[in-house]
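Shown below: input_33.csv, with CSV, C-alpha atoms and all ligand atoms.
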chain,number,residue,atom,x,y,z
A,6,MET,CA,41.0,31.2,-32.0
A,7,SER,CA,38.8,28.1,-31.6
A,8,GLY,CA,36.2,26.1,-33.4
A,9,ALA,CA,36.1,25.4,-37.1
A,10,LYS,CA,33.8,28.3,-38.2
A,11,PHE,CA,34.7,31.4,-40.2
A,12,GLU,CA,32.7,34.5,-41.0
A,13,ARG,CA,34.0,34.9,-44.6
A,14,ILE,CA,36.0,32.4,-46.5
A,15,ALA,CA,37.8,33.6,-49.6
A,16,LEU,CA,38.7,30.9,-52.2
A,17,ILE,CA,41.4,32.2,-54.6
A,18,GLY,CA,40.9,29.8,-57.5
A,19,ILE,CA,37.6,27.9,-57.8
A,20,GLY,CA,38.5,24.6,-59.6
A,21,LEU,CA,38.1,21.0,-58.3
A,22,ILE,CA,39.7,21.7,-54.9
A,23,GLY,CA,38.3,25.2,-54.3
A,24,SER,CA,34.7,24.2,-55.2
A,25,SER,CA,35.0,21.0,-53.1
A,26,ILE,CA,36.0,23.0,-50.1
A,27,SER,CA,33.0,25.2,-50.6
A,28,HIS,CA,30.6,22.2,-50.9
A,29,ALA,CA,32.1,20.5,-47.8
A,30,ALA,CA,32.1,23.8,-45.9
A,31,ARG,CA,28.5,24.5,-46.7
A,32,ARG,CA,27.6,20.9,-45.8
A,33,ALA,CA,29.2,21.4,-42.3
A,34,GLY,CA,28.0,25.0,-41.9
A,35,LEU,CA,31.5,26.3,-41.5
A,36,ALA,CA,31.1,29.8,-43.1
A,37,ASP,CA,28.7,32.7,-43.0
A,38,LYS,CA,29.8,33.6,-46.4
A,39,ILE,CA,32.0,32.1,-49.1
A,40,VAL,CA,33.5,34.3,-51.8
A,41,GLY,CA,36.0,33.7,-54.5
A,42,SER,CA,38.0,34.8,-57.5
A,43,ALA,CA,39.5,33.0,-60.6
A,44,ARG,CA,41.5,33.9,-63.6
A,45,THR,CA,38.7,34.0,-66.1
A,46,PRO,CA,35.2,35.6,-65.8
A,47,ALA,CA,33.6,32.4,-67.1
A,48,THR,CA,34.9,30.4,-64.0
A,49,VAL,CA,33.6,33.1,-61.6
A,50,LYS,CA,30.2,33.0,-63.4
A,51,THR,CA,29.9,29.2,-63.3
A,52,ALA,CA,30.9,29.2,-59.6
A,53,LEU,CA,28.2,31.8,-58.9
A,54,ASP,CA,25.6,30.0,-60.9
A,55,LEU,CA,26.3,26.7,-59.1
A,56,GLY,CA,26.1,28.4,-55.7
A,57,ILE,CA,29.7,27.6,-54.9
A,58,ILE,CA,30.4,31.2,-54.0
A,59,ASP,CA,28.1,33.9,-52.7
A,60,GLU,CA,30.1,36.7,-54.3
A,61,GLY,CA,32.6,36.5,-57.1
A,62,PHE,CA,35.5,38.8,-58.0
A,63,GLN,CA,38.0,39.2,-60.8
A,64,THR,CA,41.0,39.8,-58.5
A,65,ALA,CA,42.4,37.9,-55.6
A,66,ALA,CA,42.8,41.1,-53.6
A,67,GLU,CA,39.0,42.0,-53.9
A,68,ALA,CA,38.1,38.4,-52.9
A,69,ALA,CA,40.4,38.3,-49.9
A,70,ARG,CA,39.4,41.7,-48.4
A,71,ASP,CA,37.7,41.2,-45.0
A,72,ALA,CA,38.0,37.4,-45.1
A,73,ASP,CA,39.1,35.7,-41.9
A,74,LEU,CA,40.2,32.6,-43.9
A,75,VAL,CA,41.9,33.0,-47.3
A,76,ILE,CA,42.7,29.7,-49.2
A,77,LEU,CA,44.9,29.7,-52.2
A,78,CYS,CA,43.4,27.1,-54.6
A,79,THR,CA,45.4,28.0,-57.7
A,80,PRO,CA,48.3,26.1,-59.4
A,81,VAL,CA,51.4,26.0,-57.2
A,82,GLY,CA,53.5,28.3,-59.3
A,83,ILE,CA,51.5,31.4,-58.7
A,84,CYS,CA,50.8,31.2,-55.0
A,85,GLY,CA,53.6,33.7,-54.2
A,86,ALA,CA,52.5,36.2,-56.8
A,87,VAL,CA,48.8,36.0,-55.6
A,88,THR,CA,49.8,36.6,-52.0
A,89,LYS,CA,51.9,39.6,-53.0
A,90,GLU,CA,49.0,41.0,-55.0
A,91,ILE,CA,46.7,40.7,-51.9
A,92,ASN,CA,49.3,42.2,-49.6
A,93,ASP,CA,50.2,45.1,-51.9
A,94,ALA,CA,46.6,46.0,-52.1
A,95,GLY,CA,46.4,46.1,-48.2
A,96,ALA,CA,43.6,43.6,-48.5
A,97,PHE,CA,44.5,41.1,-45.7
A,98,ARG,CA,42.3,41.4,-42.7
A,99,ASP,CA,44.2,41.6,-39.4
A,100,GLY,CA,44.2,38.2,-37.6
A,101,ALA,CA,43.2,36.3,-40.8
A,102,ILE,CA,44.4,32.8,-41.5
A,103,LEU,CA,46.0,32.3,-44.9
A,104,SER,CA,46.4,28.8,-46.2
A,105,ASP,CA,46.7,26.9,-49.5
A,106,VAL,CA,46.1,23.5,-51.0
A,107,GLY,CA,49.1,23.1,-53.2
A,108,SER,CA,50.6,19.7,-53.9
A,109,VAL,CA,54.1,20.9,-53.1
A,110,LYS,CA,54.9,22.6,-49.8
A,111,ALA,CA,58.5,23.8,-49.3
A,112,ALA,CA,58.4,26.0,-52.5
A,113,ILE,CA,55.0,27.4,-51.5
A,114,VAL,CA,56.3,28.4,-48.0
A,115,ARG,CA,59.4,29.9,-49.6
A,116,ASP,CA,57.3,31.9,-52.1
A,117,VAL,CA,54.3,32.9,-49.9
A,118,LEU,CA,55.9,33.8,-46.6
A,119,PRO,CA,57.8,36.9,-47.6
A,120,HIS,CA,54.4,38.5,-48.6
A,121,VAL,CA,52.5,37.7,-45.4
A,122,PRO,CA,52.1,40.8,-43.3
A,123,GLU,CA,52.3,41.0,-39.5
A,124,GLY,CA,49.1,39.8,-37.9
A,125,VAL,CA,48.2,37.4,-40.7
A,126,HIS,CA,48.8,33.7,-39.9
A,127,PHE,CA,50.0,31.5,-42.8
A,128,VAL,CA,49.6,27.8,-42.4
A,129,ALA,CA,50.4,25.7,-45.5
A,130,GLY,CA,48.2,22.7,-46.3
A,131,HIS,CA,47.6,19.9,-48.8
A,132,PRO,CA,44.4,17.7,-48.9
A,133,ILE,CA,45.5,14.3,-50.2
A,134,ALA,CA,42.3,13.9,-52.2
A,135,GLY,CA,41.5,14.6,-55.8
A,136,THR,CA,40.4,13.4,-59.2
A,137,GLU,CA,41.6,13.9,-62.7
A,138,GLN,CA,38.8,16.5,-63.3
A,139,SER,CA,39.3,20.3,-63.2
A,140,GLY,CA,37.1,23.3,-62.9
A,141,PRO,CA,34.2,24.4,-60.6
A,142,GLU,CA,31.8,21.8,-62.0
A,143,ALA,CA,34.2,19.0,-60.9
A,144,GLY,CA,33.9,19.7,-57.1
A,145,PHE,CA,31.8,17.7,-54.6
A,146,ALA,CA,31.2,17.7,-50.9
A,147,GLU,CA,32.5,14.2,-50.2
A,148,LEU,CA,35.9,14.6,-51.8
A,149,PHE,CA,37.8,15.0,-48.5
A,150,ASP,CA,35.8,12.4,-46.5
A,151,ASN,CA,38.1,10.0,-44.7
A,152,ARG,CA,41.1,11.3,-46.7
A,153,TRP,CA,44.2,12.9,-45.1
A,154,CYS,CA,45.0,16.6,-45.1
A,155,ILE,CA,48.6,17.4,-44.3
A,156,LEU,CA,49.4,20.7,-42.7
A,157,THR,CA,53.0,21.8,-42.9
A,158,PRO,CA,53.5,24.6,-40.3
A,159,HIS,CA,56.8,26.5,-40.9
A,160,GLU,CA,59.1,27.7,-38.1
A,161,GLY,CA,57.4,30.4,-36.1
A,162,CYS,CA,53.9,29.4,-37.4
A,163,ASP,CA,51.1,30.4,-35.0
A,164,PRO,CA,50.0,27.2,-33.1
A,165,SER,CA,46.4,28.5,-32.6
A,166,ALA,CA,46.1,29.1,-36.3
A,167,VAL,CA,47.3,25.5,-36.9
A,168,GLU,CA,44.7,24.3,-34.4
A,169,LYS,CA,41.9,26.2,-36.0
A,170,LEU,CA,42.8,25.1,-39.5
A,171,SER,CA,43.0,21.5,-38.3
A,172,ALA,CA,39.5,21.8,-36.9
A,173,PHE,CA,38.3,23.2,-40.2
A,174,TRP,CA,39.8,20.3,-42.2
A,175,GLU,CA,38.4,17.8,-39.8
A,176,ALA,CA,34.9,19.4,-40.1
A,177,LEU,CA,35.3,19.1,-44.0
A,178,GLY,CA,35.6,15.3,-43.4
A,179,SER,CA,39.4,14.9,-43.4
A,180,ASN,CA,41.9,13.3,-41.0
A,181,VAL,CA,44.7,15.8,-40.3
A,182,GLU,CA,48.4,15.2,-39.9
A,183,THR,CA,51.2,17.8,-39.5
A,184,MET,CA,54.8,17.4,-40.8
A,185,THR,CA,57.5,19.7,-42.1
A,186,PRO,CA,57.2,21.0,-45.7
A,187,GLU,CA,60.3,19.2,-46.7
A,188,HIS,CA,59.1,15.8,-45.4
A,189,HIS,CA,55.8,16.4,-47.1
A,190,ASP,CA,57.5,16.9,-50.4
A,191,LEU,CA,59.5,13.6,-50.0
A,192,VAL,CA,56.4,11.6,-49.1
A,193,LEU,CA,54.4,13.0,-51.9
A,194,ALA,CA,57.2,12.6,-54.4
A,195,ILE,CA,56.8,8.8,-54.1
A,196,THR,CA,53.0,8.6,-53.3
A,197,SER,CA,51.8,11.0,-56.0
A,198,HIS,CA,54.4,12.9,-58.1
A,199,VAL,CA,56.4,9.9,-59.4
A,200,PRO,CA,53.3,7.8,-60.1
A,201,HIS,CA,51.9,10.7,-62.2
A,202,LEU,CA,55.2,11.0,-64.0
A,203,ILE,CA,55.2,7.3,-64.8
A,204,ALA,CA,51.6,7.5,-66.0
A,205,PHE,CA,52.3,10.5,-68.3
A,206,ASN,CA,55.4,8.7,-69.6
A,207,ILE,CA,53.8,5.3,-70.4
A,208,VAL,CA,50.8,7.0,-72.1
A,209,ASN,CA,53.2,9.0,-74.3
A,210,THR,CA,55.4,5.9,-75.0
A,211,ALA,CA,52.4,4.0,-76.2
A,212,GLY,CA,51.3,7.0,-78.3
A,213,HIS,CA,54.8,7.1,-80.0
A,214,LEU,CA,55.0,3.5,-81.0
A,215,GLU,CA,55.3,2.6,-84.7
A,216,ARG,CA,54.7,-1.2,-84.7
A,217,VAL,CA,51.6,-0.9,-82.5
A,218,THR,CA,49.0,1.5,-83.8
A,219,ASN,CA,47.2,4.1,-81.6
A,220,SER,CA,43.9,2.5,-82.4
A,221,GLU,CA,45.2,-0.9,-81.1
A,222,VAL,CA,46.4,0.8,-77.9
A,223,ILE,CA,42.9,2.3,-77.4
A,224,LYS,CA,41.1,-0.9,-78.4
A,225,PHE,CA,43.0,-3.2,-76.1
A,226,SER,CA,43.5,-0.7,-73.2
A,227,ALA,CA,41.6,-2.7,-70.6
A,228,GLY,CA,44.7,-4.8,-70.2
A,229,GLY,CA,46.0,-2.3,-67.7
A,230,PHE,CA,46.9,0.7,-69.8
A,231,ARG,CA,43.6,2.5,-69.3
A,232,ASP,CA,44.2,2.8,-65.5
A,233,PHE,CA,47.3,4.8,-66.3
A,234,THR,CA,45.4,7.0,-68.7
A,235,ARG,CA,43.0,8.1,-65.9
A,236,ILE,CA,46.0,9.5,-64.0
A,237,ALA,CA,47.6,10.9,-67.1
A,238,ALA,CA,44.4,12.9,-67.9
A,239,SER,CA,45.2,15.2,-64.9
A,240,ASP,CA,45.6,19.0,-65.5
A,241,PRO,CA,48.9,19.8,-67.4
A,242,THR,CA,49.4,23.2,-65.7
A,243,MET,CA,49.0,21.8,-62.2
A,244,TRP,CA,51.5,19.0,-62.9
A,245,ARG,CA,54.0,21.2,-64.7
A,246,ASP,CA,54.1,23.4,-61.5
A,247,VAL,CA,54.5,20.3,-59.2
A,248,PHE,CA,57.6,19.1,-61.1
A,249,LEU,CA,59.1,22.5,-61.3
A,250,ASN,CA,58.6,23.0,-57.6
A,251,ASN,CA,59.6,19.6,-56.1
A,252,LYS,CA,62.6,18.9,-58.2
A,253,GLU,CA,65.0,17.4,-55.6
A,254,ALA,CA,62.6,15.0,-54.0
A,255,VAL,CA,61.2,13.8,-57.3
A,256,LEU,CA,64.7,13.3,-58.7
A,257,GLU,CA,65.7,11.4,-55.6
A,258,MET,CA,62.7,9.1,-55.8
A,259,LEU,CA,63.1,8.7,-59.6
A,260,GLY,CA,66.7,7.5,-58.9
A,261,ARG,CA,65.4,4.8,-56.6
A,262,PHE,CA,62.6,3.9,-59.0
A,263,SER,CA,65.1,3.5,-61.9
A,264,GLU,CA,67.3,1.2,-59.8
A,265,ASP,CA,64.3,-1.1,-59.0
A,266,LEU,CA,63.2,-1.0,-62.6
A,267,THR,CA,66.7,-2.1,-63.7
A,268,ALA,CA,66.5,-5.0,-61.2
A,269,LEU,CA,63.2,-6.1,-62.7
A,270,GLN,CA,64.6,-5.8,-66.2
A,271,ARG,CA,67.5,-8.0,-65.2
A,272,ALA,CA,65.3,-10.6,-63.6
A,273,ILE,CA,63.2,-10.8,-66.8
A,274,ARG,CA,66.3,-11.0,-69.0
A,275,PHE,CA,67.8,-13.8,-66.9
A,276,GLY,CA,64.5,-15.7,-66.3
A,277,GLU,CA,64.6,-15.2,-62.5
A,278,GLY,CA,61.1,-16.3,-61.8
A,279,GLU,CA,61.5,-16.4,-58.1
A,280,THR,CA,62.7,-12.8,-57.9
A,281,LEU,CA,59.8,-11.6,-60.1
A,282,HIS,CA,57.3,-13.6,-58.0
A,283,LYS,CA,58.7,-12.1,-54.7
A,284,MET,CA,58.6,-8.5,-56.1
A,285,PHE,CA,55.1,-8.8,-57.4
A,286,GLY,CA,54.0,-10.4,-54.1
A,287,ASP,CA,55.5,-7.6,-52.1
A,288,ALA,CA,53.6,-5.1,-54.3
A,289,ARG,CA,50.3,-6.9,-53.8
A,290,ALA,CA,50.8,-6.9,-50.0
A,291,LEU,CA,51.2,-3.1,-50.1
A,292,ARG,CA,47.9,-2.8,-52.0
A,293,ARG,CA,46.2,-4.8,-49.2
A,294,GLY,CA,47.6,-2.3,-46.7
A,295,ILE,CA,45.9,0.6,-48.6
A,296,ILE,CA,42.6,-1.2,-48.5
A,297,GLU,CA,42.9,-2.1,-44.8
A,298,ALA,CA,43.6,1.6,-44.1
A,299,GLY,CA,40.3,2.6,-45.8
A,300,GLN,CA,42.1,4.5,-48.6
A,301,ASP,CA,40.5,2.4,-51.3
A,302,THR,CA,38.0,-0.4,-51.7
A,303,ASP,CA,38.7,-4.0,-52.8
A,304,ALA,CA,35.9,-3.8,-55.3
A,305,PRO,CA,37.0,-5.7,-58.4
A,306,ASP,CA,38.5,-3.5,-61.2
A,307,PHE,CA,38.5,-0.4,-59.0
A,308,GLY,CA,34.7,-0.7,-58.5
A,309,ARG,CA,34.1,-0.3,-62.3
A,310,ARG,CA,32.1,-3.5,-62.5
A,311,ALA,CA,29.8,-2.4,-59.7
A,312,SER,CA,29.3,1.1,-61.4
A,313,VAL,CA,28.7,-0.5,-64.8
A,314,ALA,CA,26.1,-2.8,-63.3
A,315,LYS,CA,24.5,0.2,-61.6
A,316,ASP,CA,24.5,2.2,-64.9
A,317,GLU,CA,22.9,-0.8,-66.7
A,318,ALA,CA,20.3,-1.0,-63.9
A,319,ASP,CA,19.6,2.7,-64.1
A,320,GLU,CA,19.0,2.4,-67.8
A,321,ASP,CA,16.2,-0.2,-67.2
W,401,LIG,P1,41.7,23.5,-61.3
W,401,LIG,O1,40.5,22.7,-61.2
W,401,LIG,O2,42.4,23.6,-62.6
W,401,LIG,O3,41.4,25.0,-60.7
W,401,LIG,C1,42.4,26.0,-60.7
W,401,LIG,C2,41.8,27.3,-60.4
W,401,LIG,O4,42.9,28.3,-60.3
W,401,LIG,C3,40.8,27.8,-61.4
W,401,LIG,O5,39.8,28.5,-60.8
W,401,LIG,C4,41.7,28.8,-62.2
W,401,LIG,O6,40.9,29.8,-62.8
W,401,LIG,C5,42.6,29.3,-61.2
W,401,LIG,N1,43.8,29.9,-61.8
W,401,LIG,C6,44.6,29.2,-62.7
W,401,LIG,N2,45.6,30.0,-63.0
W,401,LIG,C7,45.4,31.2,-62.4
W,401,LIG,C8,46.1,32.4,-62.5
W,401,LIG,N3,47.2,32.6,-63.2
W,401,LIG,N4,45.6,33.4,-61.7
W,401,LIG,C9,44.5,33.2,-60.9
W,401,LIG,N5,43.8,32.1,-60.9
W,401,LIG,C10,44.3,31.1,-61.6
W,401,LIG,O7,42.8,23.0,-60.2
W,401,LIG,P2,42.7,22.1,-58.9
W,401,LIG,O8,42.7,20.7,-59.3
W,401,LIG,O9,41.5,22.6,-58.1
W,401,LIG,O10,44.1,22.4,-58.2
W,401,LIG,C11,44.3,23.6,-57.5
W,401,LIG,C12,45.4,23.3,-56.5
W,401,LIG,O11,45.1,22.2,-55.7
W,401,LIG,C13,46.8,23.1,-57.2
W,401,LIG,O12,47.8,23.8,-56.5
W,401,LIG,C14,47.0,21.6,-56.9
W,401,LIG,O13,48.4,21.3,-56.8
W,401,LIG,C15,46.2,21.3,-55.7
W,401,LIG,N6,45.7,20.0,-55.5
W,401,LIG,C16,45.1,19.4,-56.6
W,401,LIG,C17,44.6,18.1,-56.4
W,401,LIG,C18,43.9,17.4,-57.6
W,401,LIG,O14,43.8,16.2,-57.6
W,401,LIG,N7,43.5,18.1,-58.6
W,401,LIG,C19,44.6,17.4,-55.2
W,401,LIG,C20,45.2,18.1,-54.1
W,401,LIG,C21,45.7,19.4,-54.3
W,401,LIG,P3,40.3,29.6,-64.3
W,401,LIG,O15,39.3,28.5,-64.2
W,401,LIG,O16,39.6,31.0,-64.5
W,401,LIG,O17,41.5,29.4,-65.2
For this file, produce the structure as structure tokens.
Amino acid sequence: MSGAKFERIALIGIGLIGSSISHAARRAGLADKIVGSARTPATVKTALDLGIIDEGFQTAAEAARDADLVILCTPVGICGAVTKEINDAGAFRDGAILSDVGSVKAAIVRDVLPHVPEGVHFVAGHPIAGTEQSGPEAGFAELFDNRWCILTPHEGCDPSAVEKLSAFWEALGSNVETMTPEHHDLVLAITSHVPHLIAFNIVNTAGHLERVTNSEVIKFSAGGFRDFTRIAASDPTMWRDVFLNNKEAVLEMLGRFSEDLTALQRAIRFGEGETLHKMFGDARALRRGIIEAGQDTDAPDFGRRASVAKDEADED
């Protein structure tokens, strides 16, 4: 196996990530044909209409048949069942690579591996790129540019399949790193899962207040709250599955988070200005590191001012 090209790529699930893979793969000329399946006929139709897939199917098994690359782009909780369905139908092509994009890795390896037949090479993966949008209309070719994709080969995983999938993700625009599924889950618990939980929680806390009305929360949201609401607008099914499938790592990181929150609470209670200043300074330094690593820009207000100015210019 070499190069990044495939004859037939099957996307099982054609939402934000599945459709972005298609756009980026077409941009780089990585597939002769891209096919796909989704849960509802409406999604398959939209994906066909938008040219995201060349052929659409109602079942994962039909889509996967004859594909030399099958990528599971569904919510985490059904990856095992979908793999079983494809395998039970005898639809895996001998020598095919099977991968996924799920935000949790150890549970996916546990659920998928028992249904992968001899001669099919499973390599679990996770592009660290996304938005709060869902569905086939949400995808775009640049989503993975200069973002990381983590591959988590399990014990006994075929090294040439890992190599070919790495080349594929690099051709989609990503940088690729490999690590164990367990380490991935720990890293993502603090960089993605706990931040989302905090966002869901603070938005609901604000919504449940009695002495501050919902309309005040919305009206004055530019004070910081609205940046949490963007993250909290993410798909509920996806995030339910993430927390059900990365329980231990999330609980471990939440424990650390609660300790640090208690320390902040204490510093506020006792008027410890120096402690607060140091903690906020450390946080600001970490943000600078993210910008220096090219994982965000330092445009004021997350680039909103620039895009507002552009919109105003466009209206002229
Ligand atoms: P999405 O836009 O909601 O798309 C999910 C797709 O899966 C849809 O095509 C949906 O079909 C299909 N699907 C849902 N339930 C299904 C079922 N029971 N059987 C068959 N197909 C089903 O989701 P996404 O954001 O692309 O996320 C997909 C995966 O990528 C998730 O595992 C997530 O953890 C991972 N991921 C997401 C992000 C992100 O920022 N969103 C980033 C990295 C990785 P219908 O439209 O017909 O329901």
Give the residue list for ligand LIG 401 (chain W) at 8 Å, counting all atoms listed in the file, as an NGL selection string, sorted by chain and then by residue number. :A and (17-24 or 42-49 or 64-65 or 77-83 or 87 or 105-109 or 131-141 or 143 or 239-240 or 242-244 or 246-247)
Can you build me a table of region 170-283 of chain A residues sitting at most 10 Å from region 112-127 of chain A, with the closest atom pair per residue and its distance in Å to one decimal, using all atoms listed in the file, sorted by chain and residue number, as CSV?
residue,atom,partner,partner_atom,distance
A:Pro186,CA,A:Val114,CA,7.8
A:Glu187,CA,A:Ala112,CA,9.1
A:Asp190,CA,A:Ala112,CA,9.4
A:Val247,CA,A:Ala112,CA,9.6
A:Leu249,CA,A:Ala112,CA,9.5
A:Asn250,CA,A:Ala112,CA,5.9
A:Asn251,CA,A:Ala112,CA,7.4
Rounded to one decimal in Å, what is the spacing between CA of Arg152 (chain A) and CA of Glu182 (chain A)? 10.7 Å
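Using only C-alpha atoms, the smallest distance between any of A:Asn92, A:Ala176, A:Asp163, A:Lys50 and Arg31 (chain A) comes from A:Ala176.
Among the candidates A:Ala227, A:Leu269, A:Val255, A:Ala66, the one nearest to Ser197 (chain A) when counting all atoms listed in the file is A:Val255.
Between Val181 (chain A) and the candidates A:Gly276, A:Gly85, A:Gly130, A:Pro305, the tightest atom-to-atom separation, counting all atoms listed in the file, involves A:Gly130.
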Taking all atoms of region 16-20 of chain A that the file lists and extending 4 Å past them on each side, where is the centre of the axis-aligned box and how long are its edges? Answer in Å to one decimal, as AutoDock Vina command-line options.
--center_x 39.5 --center_y 28.4 --center_z -55.9 --size_x 11.8 --size_y 15.6 --size_z 15.4
Enter the distance from CA of Ala254 (chain A) to CA of Ile155 (chain A), in Å, rounded to one decimal. 17.2 Å
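Atom pair CA of Ala237 (chain A) / CA of His198 (chain A) has a distance of 11.5 Å (rounded to one decimal).
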Might you pull out every residue within 7 Å of Ala29 (chain A), with only C-alpha atoms counted and same-chain residues fewer than 2 positions away left off, and present them as JSON, numbers by chain? {"A": [25, 26, 27, 31, 32, 33, 146, 147, 177]}
Write out, as a JSON list (two decimals), in the coordinates of the input, the residues just selected, with C-alpha atoms.
[["chain", "number", "residue", "atom", "x", "y", "z"],
["A", 25, "SER", "CA", 35.00, 21.00, -53.10],
["A", 26, "ILE", "CA", 36.00, 23.00, -50.10],
["A", 27, "SER", "CA", 33.00, 25.20, -50.60],
["A", 31, "ARG", "CA", 28.50, 24.50, -46.70],
["A", 32, "ARG", "CA", 27.60, 20.90, -45.80],
["A", 33, "ALA", "CA", 29.20, 21.40, -42.30],
["A", 146, "ALA", "CA", 31.20, 17.70, -50.90],
["A", 147, "GLU", "CA", 32.50, 14.20, -50.20],
["A", 177, "LEU", "CA", 35.30, 19.10, -44.00]]
Of the listed residues A:Ile57, A:Ala111, A:Ala211, A:Val217, that which approaches Thr234 (chain A) most closely, counting all atoms listed in the file: A:Ala211
Could you check which of A:Leu156, A:Arg274, A:Ala72, A:Ala298 is closest to Glu168 (chain A), using all atoms listed in the file?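 Checking each of A:Leu156, A:Arg274, A:Ala72, A:Ala298 against Glu168 (chain A), counting all atoms listed in the file, the winner is A:Leu156.
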